[in-house]
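Structure first, commentary second.
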Amino acid sequence: MANIDLSIIWAIIIAFSIIMYVLMDGFDLGLGILFPFAPDEDSRDVMMNSVAPIWDGNETWLVLGGAGLLAAFPLVYTILLPALYIGVFLMLAGLIFRGVAFEFRFKSSRHKRWWNLSFAGGSAVATFAQGCVVGAYIQGFVTEGRVYAGGALDWLTPFSVLTGFGMMAGYALLGATWLVMKSEGHINQWARRLIPGLLFGVLAIFAVVGVWTPFIDDGVRERWFGHIQIIWILPALALACAFGIYRSIKAGREVMPFLLTMGMFVFTYLGLLVSRWPYVVPPKFTLWDAASAPESQLFLLIGVLFVIPIILTYTAWSYWVFRGKVRVGEGYH
Amino acid sequence: MELDPLILSRIQFAFVVAFHAIFPVFTIGLASYVALLQGLFVATRNPLWERLSIFWTKAFAVVFGMGVVSGIVMAFQFGTNWSNFSQAASNFIGPLLSYEVVTAFFLEAGFLGVLLFGRHKVPAGLHLFAAIMVAVGTFISAFWILASNSWLHTPDGIEFRGGHVFVTSWIDAIFNPSFPYRFAHMALASFLTGGFVVCGVSAWYLVRGREVEANRKALSMTMWLLLVAAPLQAFVGDEHGLNTLEHQPTKIAAIEGNWETQSGAPLLLFAIPDRGIQGNHFEIGIPKVASLILTHDPAGTIPGLRDTPVDEQPPVWITFFSFRIMVGLGLLMIAFAIAGLLLRPRGRLYTSRLYLRGLQFMTVAPFIAVIAGWFVTETGRAPWIIYGHMTQAQGLTPSLTGGMALFTLLGYMAVYAVIFVAGIYYLTRVVDHGMEDQIDEIERPMRPLSTTHVSFDKENPTSRG
């Protein structure tokens, strides 16, 4: 009994870490994707400055999610990482390059072009890899016993490439709406102009993925076309958010488009979770199959429940400190 | 030749972990040093302490940043390459590694920001408190990592059920038999690393006549620290060895290059151990000294490698040579610490160019010694991943092919080469920039590296010095 409760608590903690990561690293990765298309170098400075104080805190959630999986659901960790071996490497390499570029671009003028390239390339590769992971996850994993038994590139399929591009469009949309909120003048105008196109791209991929997914797996089809019709509210809400983004951009709103884009991500994510619940390593293993020993889950839970509120408080505080517009020539450097 | 995923994964793990370890071993020592400088400033109000503290906080920030970036990779290595091991040991390893993450974030979220950016925002006492908490935090991080590592060498407090580890006593598992020795050994290694880096950089400034008063103070206090820490490390290392003799006799046999169990074993200064002939080439040894060191009795019995089946013997020559590199550098550190004491009369410690030059070279010695030391203990455990329970081959990811492992090995090498070159280059720029005109103008807390305002480019290479 205690085991069941702990596993559910841990599932909530890890699901929460993942969506926190997606939302928060999402907009700064999105800025990286938009980086090469920025109108001028001043805009690039503003883009980077708008996330400079917070971006590395955003990646906190990725590491917390990774370590938390090993402790609470080791089967997820030990099947997904071997299955996504090459993809995980690409993601890490991308994140490292953009992280280093972030730090050194400001301190360099002669080599700025290389750091720009490194920042944009790293962001794009990391995002694409994350999108492929989502696609691979929806498709499920080949296992034998309790280990992964597929090949090195099973994760790279037409479907996962599509979700990879979808993730890039989605993060770019998050980045553009973030920039609308944080910038002014010609940068703000540029970001605004991008949004309808990005939104359309996201919705188009969303539609294809939505139609395709039920054909991939009987379980998913059963979930969506079975008895629990209440879950249709999730894609409906995601679409409502998309509509709201378009309206609010047309109405010249500054903050609302970003909030609604986050809403769209959250509802899509919840939709993904209900498609597979309670399977955490589709198609075979539920979260209870994947759980570690209850005493191990409990041992870590004590520390995590203590620290998460502190991280959240600190995060909220630093966003509060850095609220408001970022102007050209006004950096934190 | 068939690519062997096991060998490639072992090389990859050795590479990423050795690379990563360089940074924390430095930051652990440096964090304590910064806290000490800050404490001296608060106690004496001498501005020289503050200048040193500002300078070394900047260096700390850069190294800490590089440690975080390289550490992200470590969080995934266990799953990508060692998934069978991770699955078997997750009930113990998982919570411990996660606690390290939790500790690091807790530290980073609160006190690091205050230490790096709060110098003029918060009262000096509170700033000192933040510095102490960061130093304590680095030790807590090391605590979790070393507890999990020590448990691989001397597993305790657990039972295997159905191929999985279950913890029966958290206290026994965390405070397993080799943990206290390994922790003390690494803590001292961190102090030696921080100490020799501070000495080397101070010596570099003194040779150039820059900021003489502050750097003399830094050199003097650090040499006193080294005079205690370097010989103490030899003692702790010896105790650690005795503990290993008790729990992992095969590792001791490999360290000593001793094949036949014998009493009155010689201390081999040089040899080329060869598993093929189950013996050594070109032995040069001092009779009975190995027995004397390990058993405190010249006639004591030392275990031999041949007691272990050939396929359970470690790669002897790596363990053997790594150990001699580590001990040789350790002895050199003791010699430098004593020489520093002898040079103190009439202040020759600060003026002897030969000695100061030597100290600059010694900056790299502790790093090499630390990596060599990890090679000793890790290769000495081979072929076991969990000593006596699970071999490295059993712990490997079953779906991993040689090609995949080679791809990521080369990839990580390329990625780390970029970080390392950029990071070290930037660090030398920070040192070159010096402490003469330190800006401390940051208004708001930010990321570690933004503590420094030094340009990445070398715009005016000859403007100073």
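Chains: A, B, ... in order of the structure tokens. Residues: from 1 per chain. Ligands: from 1, in order shown.
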
Exercise. Which polymer residues have any atom within 10 Å of an atom of stretch 226-241 of chain B, counting only C-alpha atoms, with same-chain residues fewer than 5 positions away left out, as JSON, numbers by chain?
Worked result: {"B": [178, 179, 180, 181, 182, 183, 184, 185, 186, 187, 188, 189, 191, 192, 193, 194, 195, 196, 199, 221, 246, 247, 248, 249, 251, 252, 255, 293, 294, 327, 330, 331, 332, 333, 334, 335, 336, 337, 338, 339, 340, 341]}

For this session: Pull the strand (DSSP E or B) assignments for stretch 188-428 of chain B out of DSSP run on the backbone, and list those residues as an MDAnalysis selection string.
Result: chainID B and resid 262:263 267:274 279:286 301:302 384:386 390:391

With N, CA and C atoms retained, write the just-selected residues as a PDB file, in the first residue's frame.
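Here's the written file part-v6.pdb:
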```
ATOM      1  N   GLN B 262      53.554 -13.794   0.006  1.00  0.00           N
ATOM      2  CA  GLN B 262      54.845 -14.022   0.659  1.00  0.00           C
ATOM      3  C   GLN B 262      55.003 -13.163   1.906  1.00  0.00           C
ATOM      4  N   SER B 263      55.869 -13.624   2.812  1.00  0.00           N
ATOM      5  CA  SER B 263      56.229 -12.798   3.958  1.00  0.00           C
ATOM      6  C   SER B 263      57.504 -12.055   3.598  1.00  0.00           C
ATOM      7  N   LEU B 267      59.443  -3.724  -1.408  1.00  0.00           N
ATOM      8  CA  LEU B 267      58.759  -2.582  -1.998  1.00  0.00           C
ATOM      9  C   LEU B 267      59.346  -2.359  -3.380  1.00  0.00           C
ATOM     10  N   LEU B 268      58.540  -2.554  -4.412  1.00  0.00           N
ATOM     11  CA  LEU B 268      59.045  -2.416  -5.771  1.00  0.00           C
ATOM     12  C   LEU B 268      59.053  -0.953  -6.177  1.00  0.00           C
ATOM     13  N   LEU B 269      60.242  -0.427  -6.491  1.00  0.00           N
ATOM     14  CA  LEU B 269      60.331   0.942  -6.985  1.00  0.00           C
ATOM     15  C   LEU B 269      59.968   0.973  -8.460  1.00  0.00           C
ATOM     16  N   PHE B 270      60.377  -0.081  -9.159  1.00  0.00           N
ATOM     17  CA  PHE B 270      60.049  -0.177 -10.578  1.00  0.00           C
ATOM     18  C   PHE B 270      59.846  -1.636 -10.954  1.00  0.00           C
ATOM     19  N   ALA B 271      58.966  -1.854 -11.900  1.00  0.00           N
ATOM     20  CA  ALA B 271      58.759  -3.196 -12.465  1.00  0.00           C
ATOM     21  C   ALA B 271      57.778  -3.030 -13.615  1.00  0.00           C
ATOM     22  N   ILE B 272      57.764  -4.002 -14.513  1.00  0.00           N
ATOM     23  CA  ILE B 272      56.719  -4.014 -15.530  1.00  0.00           C
ATOM     24  C   ILE B 272      55.901  -5.281 -15.322  1.00  0.00           C
ATOM     25  N   PRO B 273      54.759  -5.118 -14.633  1.00  0.00           N
ATOM     26  CA  PRO B 273      53.935  -6.300 -14.362  1.00  0.00           C
ATOM     27  C   PRO B 273      53.345  -6.841 -15.661  1.00  0.00           C
ATOM     28  N   ASP B 274      53.290  -8.154 -15.765  1.00  0.00           N
ATOM     29  CA  ASP B 274      52.818  -8.800 -16.990  1.00  0.00           C
ATOM     30  C   ASP B 274      51.865  -9.915 -16.597  1.00  0.00           C
ATOM     31  N   GLY B 279      53.851 -12.453 -13.639  1.00  0.00           N
ATOM     32  CA  GLY B 279      55.031 -11.988 -12.915  1.00  0.00           C
ATOM     33  C   GLY B 279      55.467 -10.647 -13.458  1.00  0.00           C
ATOM     34  N   ASN B 280      56.645 -10.175 -12.979  1.00  0.00           N
ATOM     35  CA  ASN B 280      57.147  -8.867 -13.384  1.00  0.00           C
ATOM     36  C   ASN B 280      58.413  -8.985 -14.219  1.00  0.00           C
ATOM     37  N   HIS B 281      58.616  -7.991 -15.097  1.00  0.00           N
ATOM     38  CA  HIS B 281      59.925  -7.797 -15.733  1.00  0.00           C
ATOM     39  C   HIS B 281      60.646  -6.672 -14.995  1.00  0.00           C
ATOM     40  N   PHE B 282      61.966  -6.695 -15.044  1.00  0.00           N
ATOM     41  CA  PHE B 282      62.815  -5.573 -14.586  1.00  0.00           C
ATOM     42  C   PHE B 282      62.472  -5.091 -13.179  1.00  0.00           C
ATOM     43  N   GLU B 283      62.391  -6.001 -12.239  1.00  0.00           N
ATOM     44  CA  GLU B 283      62.063  -5.593 -10.871  1.00  0.00           C
ATOM     45  C   GLU B 283      63.224  -4.860 -10.207  1.00  0.00           C
ATOM     46  N   ILE B 284      62.944  -3.716  -9.574  1.00  0.00           N
ATOM     47  CA  ILE B 284      63.904  -3.080  -8.678  1.00  0.00           C
ATOM     48  C   ILE B 284      63.162  -2.849  -7.372  1.00  0.00           C
ATOM     49  N   GLY B 285      63.616  -3.466  -6.289  1.00  0.00           N
ATOM     50  CA  GLY B 285      62.858  -3.345  -5.048  1.00  0.00           C
ATOM     51  C   GLY B 285      63.744  -3.234  -3.818  1.00  0.00           C
ATOM     52  N   ILE B 286      63.118  -2.780  -2.718  1.00  0.00           N
ATOM     53  CA  ILE B 286      63.821  -2.748  -1.433  1.00  0.00           C
ATOM     54  C   ILE B 286      63.243  -3.877  -0.582  1.00  0.00           C
ATOM     55  N   THR B 301      52.953 -10.945   6.076  1.00  0.00           N
ATOM     56  CA  THR B 301      52.554 -11.608   4.836  1.00  0.00           C
ATOM     57  C   THR B 301      51.738 -10.672   3.942  1.00  0.00           C
ATOM     58  N   ILE B 302      52.128 -10.625   2.659  1.00  0.00           N
ATOM     59  CA  ILE B 302      51.429  -9.786   1.689  1.00  0.00           C
ATOM     60  C   ILE B 302      50.753 -10.700   0.666  1.00  0.00           C
ATOM     61  N   TRP B 384      35.562  -6.094 -11.141  1.00  0.00           N
ATOM     62  CA  TRP B 384      34.288  -5.907 -10.446  1.00  0.00           C
ATOM     63  C   TRP B 384      33.784  -4.479 -10.610  1.00  0.00           C
ATOM     64  N   ILE B 385      32.459  -4.359 -10.736  1.00  0.00           N
ATOM     65  CA  ILE B 385      31.852  -3.034 -10.668  1.00  0.00           C
ATOM     66  C   ILE B 385      31.308  -2.843  -9.252  1.00  0.00           C
ATOM     67  N   ILE B 386      30.652  -3.882  -8.718  1.00  0.00           N
ATOM     68  CA  ILE B 386      30.341  -3.921  -7.288  1.00  0.00           C
ATOM     69  C   ILE B 386      31.187  -5.062  -6.735  1.00  0.00           C
ATOM     70  N   MET B 390      29.178  -8.016  -8.705  1.00  0.00           N
ATOM     71  CA  MET B 390      28.792  -7.833 -10.107  1.00  0.00           C
ATOM     72  C   MET B 390      30.017  -7.351 -10.878  1.00  0.00           C
ATOM     73  N   THR B 391      30.274  -7.979 -12.038  1.00  0.00           N
ATOM     74  CA  THR B 391      31.430  -7.554 -12.826  1.00  0.00           C
ATOM     75  C   THR B 391      31.036  -6.412 -13.766  1.00  0.00           C
TER      76      THR B 391
END
```

For this session: Tell me which protein, DNA and RNA residues are within 6 Å of stretch 201-217 of chain A, counting only C-alpha atoms, leaving out same-chain ones fewer than 6 positions away, and put them as number ranges by chain.
Result: A: 166, 169-170

Please produce a file of those selected residues containing all heavy atoms, as a PDB file, in the first residue's frame.
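File written: part.pdb
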```
ATOM      1  N   GLY A 166       8.435  19.485 -34.581  1.00  0.00           N
ATOM      2  CA  GLY A 166       7.354  20.087 -33.804  1.00  0.00           C
ATOM      3  C   GLY A 166       7.886  20.772 -32.558  1.00  0.00           C
ATOM      4  O   GLY A 166       7.478  21.879 -32.200  1.00  0.00           O
ATOM      5  N   ALA A 169       9.535  24.013 -33.494  1.00  0.00           N
ATOM      6  CA  ALA A 169       8.558  25.076 -33.730  1.00  0.00           C
ATOM      7  C   ALA A 169       7.954  25.546 -32.410  1.00  0.00           C
ATOM      8  O   ALA A 169       7.781  26.748 -32.174  1.00  0.00           O
ATOM      9  CB  ALA A 169       7.470  24.576 -34.675  1.00  0.00           C
ATOM     10  N   GLY A 170       7.655  24.593 -31.532  1.00  0.00           N
ATOM     11  CA  GLY A 170       7.039  24.930 -30.243  1.00  0.00           C
ATOM     12  C   GLY A 170       7.956  25.784 -29.375  1.00  0.00           C
ATOM     13  O   GLY A 170       7.549  26.803 -28.810  1.00  0.00           O
TER      14      GLY A 170
END
```

Problem set entry | Distance query stretch 126-142 of chain B at most 8 Å, only C-alpha atoms, self and fewer than 3 positions along chain excluded, as a PyMOL selection string | chain B and resi 24+27-28+31-32+34-35+38-39+42+100-101+103-104+107+111-112+114-115+118-119+122-123+145-146+183+187

Go ahead and save the picked residues with N, CA and C atoms, as a tab-separated table (two decimals), in the first residue's frame.
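Once everything was written out, this is part_23.tsv:
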```tsv
chain	number	residue	atom	x	y	z
B	24	PRO	N	35.48	19.70	-9.40
B	24	PRO	CA	35.08	19.68	-8.00
B	24	PRO	C	36.26	19.57	-7.03
B	27	THR	N	37.28	23.05	-6.66
B	27	THR	CA	36.33	23.95	-6.00
B	27	THR	C	36.15	23.62	-4.52
B	28	ILE	N	36.27	22.35	-4.15
B	28	ILE	CA	36.11	22.00	-2.74
B	28	ILE	C	37.20	22.71	-1.92
B	31	ALA	N	36.73	26.67	-2.17
B	31	ALA	CA	35.60	27.20	-1.40
B	31	ALA	C	36.01	27.42	0.05
B	32	SER	N	36.74	26.47	0.62
B	32	SER	CA	37.18	26.62	2.00
B	32	SER	C	38.16	27.78	2.12
B	34	VAL	N	38.31	30.49	0.22
B	34	VAL	CA	37.57	31.75	0.12
B	34	VAL	C	36.88	32.06	1.45
B	35	ALA	N	36.29	31.03	2.06
B	35	ALA	CA	35.63	31.24	3.35
B	35	ALA	C	36.65	31.70	4.40
B	38	GLN	N	37.61	35.32	3.73
B	38	GLN	CA	36.50	36.18	4.12
B	38	GLN	C	36.44	36.31	5.65
B	39	GLY	N	36.70	35.18	6.32
B	39	GLY	CA	36.72	35.20	7.78
B	39	GLY	C	37.83	36.10	8.31
B	42	VAL	N	36.76	39.69	7.88
B	42	VAL	CA	35.77	40.11	8.87
B	42	VAL	C	36.44	40.30	10.23
B	100	GLU	N	22.99	14.07	-3.92
B	100	GLU	CA	24.07	14.96	-4.32
B	100	GLU	C	23.52	16.10	-5.17
B	101	VAL	N	22.65	15.75	-6.12
B	101	VAL	CA	22.03	16.77	-6.97
B	101	VAL	C	21.24	17.76	-6.12
B	103	THR	N	21.56	18.46	-2.98
B	103	THR	CA	22.47	19.28	-2.18
B	103	THR	C	23.07	20.40	-3.02
B	104	ALA	N	23.53	20.03	-4.22
B	104	ALA	CA	24.17	21.01	-5.08
B	104	ALA	C	23.20	22.12	-5.45
B	107	LEU	N	22.50	24.45	-2.55
B	107	LEU	CA	23.64	25.33	-2.39
B	107	LEU	C	23.61	26.43	-3.45
B	111	PHE	N	23.05	30.06	-1.34
B	111	PHE	CA	24.24	30.71	-0.82
B	111	PHE	C	25.24	31.11	-1.89
B	112	LEU	N	25.27	30.37	-3.00
B	112	LEU	CA	26.24	30.73	-4.03
B	112	LEU	C	25.96	32.13	-4.57
B	114	VAL	N	24.56	34.61	-3.05
B	114	VAL	CA	24.97	35.61	-2.06
B	114	VAL	C	26.48	35.76	-2.05
B	115	LEU	N	27.19	34.64	-2.12
B	115	LEU	CA	28.66	34.70	-2.10
B	115	LEU	C	29.18	35.47	-3.32
B	118	GLY	N	26.69	39.16	-3.62
B	118	GLY	CA	26.14	39.91	-2.50
B	118	GLY	C	27.15	40.67	-1.66
B	119	ARG	N	28.40	40.73	-2.15
B	119	ARG	CA	29.46	41.31	-1.33
B	119	ARG	C	29.09	42.68	-0.74
B	122	VAL	N	24.86	42.63	1.22
B	122	VAL	CA	24.47	42.08	2.52
B	122	VAL	C	25.59	42.39	3.51
B	123	PRO	N	25.28	42.37	4.82
B	123	PRO	CA	26.32	42.61	5.83
B	123	PRO	C	27.47	41.62	5.69
B	145	ILE	N	28.79	11.49	-3.12
B	145	ILE	CA	29.48	10.83	-4.22
B	145	ILE	C	30.45	9.78	-3.69
B	146	LEU	N	31.22	10.15	-2.66
B	146	LEU	CA	32.22	9.21	-2.15
B	146	LEU	C	31.56	8.05	-1.40
B	183	PHE	N	36.98	9.35	2.15
B	183	PHE	CA	36.53	10.73	2.34
B	183	PHE	C	37.67	11.60	2.87
B	187	ALA	N	39.29	14.69	0.88
B	187	ALA	CA	39.20	16.03	1.47
B	187	ALA	C	40.60	16.65	1.51
```

For this session: List the neighbours of stretch 180-196 of chain A out to 12 Å using only C-alpha atoms; skip same-chain residues closer than 6 positions along the sequence, and give me the result as an MDAnalysis selection string.
Result: chainID A and resid 27 30:31 34:35 37:51 169:174 202:203 242:259 261 319 322:328 330

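Among A:Met91, A:Ile86, A:Val280, A:Leu162, the residue with the shortest atom-to-atom distance to B:Thr401, counting only C-alpha atoms, is A:Ile86.
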
Exercise. Could you name the residues that touch A:Asp28 at 12 Å or less, counting only C-alpha atoms, but leaving out those on the same chain fewer than 4 positions away, as a ChimeraX atom specification?
Worked result: /A:21-24,32-35,47-59,95,98-99,102,119-120,122-124,126-127,168,170-179

For this session: Check every residue of chain A for an atom within 8 Å of chain B, counting only C-alpha atoms, and provide those that qualify as a ChimeraX atom specification.
Result: /A:52-54,56,60,63-64,66-68,70-72,74-75,77-79,81-83,85-86,89,92-93,96-97,99-100,103-104,107-111,147-152,292-293,295-297,299-300,303-304,307,310-311,314,332-333

For this session: Enumerate, as a ChimeraX atom specification, the complete set of residues in stretch 112-269 of chain A that a backbone-based DSSP assignment places in helix (DSSP H, G or I).
Result: /A:112-139,158-182,185-216,218-225,229-250,256-269

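Between atom CA of A:Gly87 and atom CA of B:Leu406 there is a distance of 14.6 Å.
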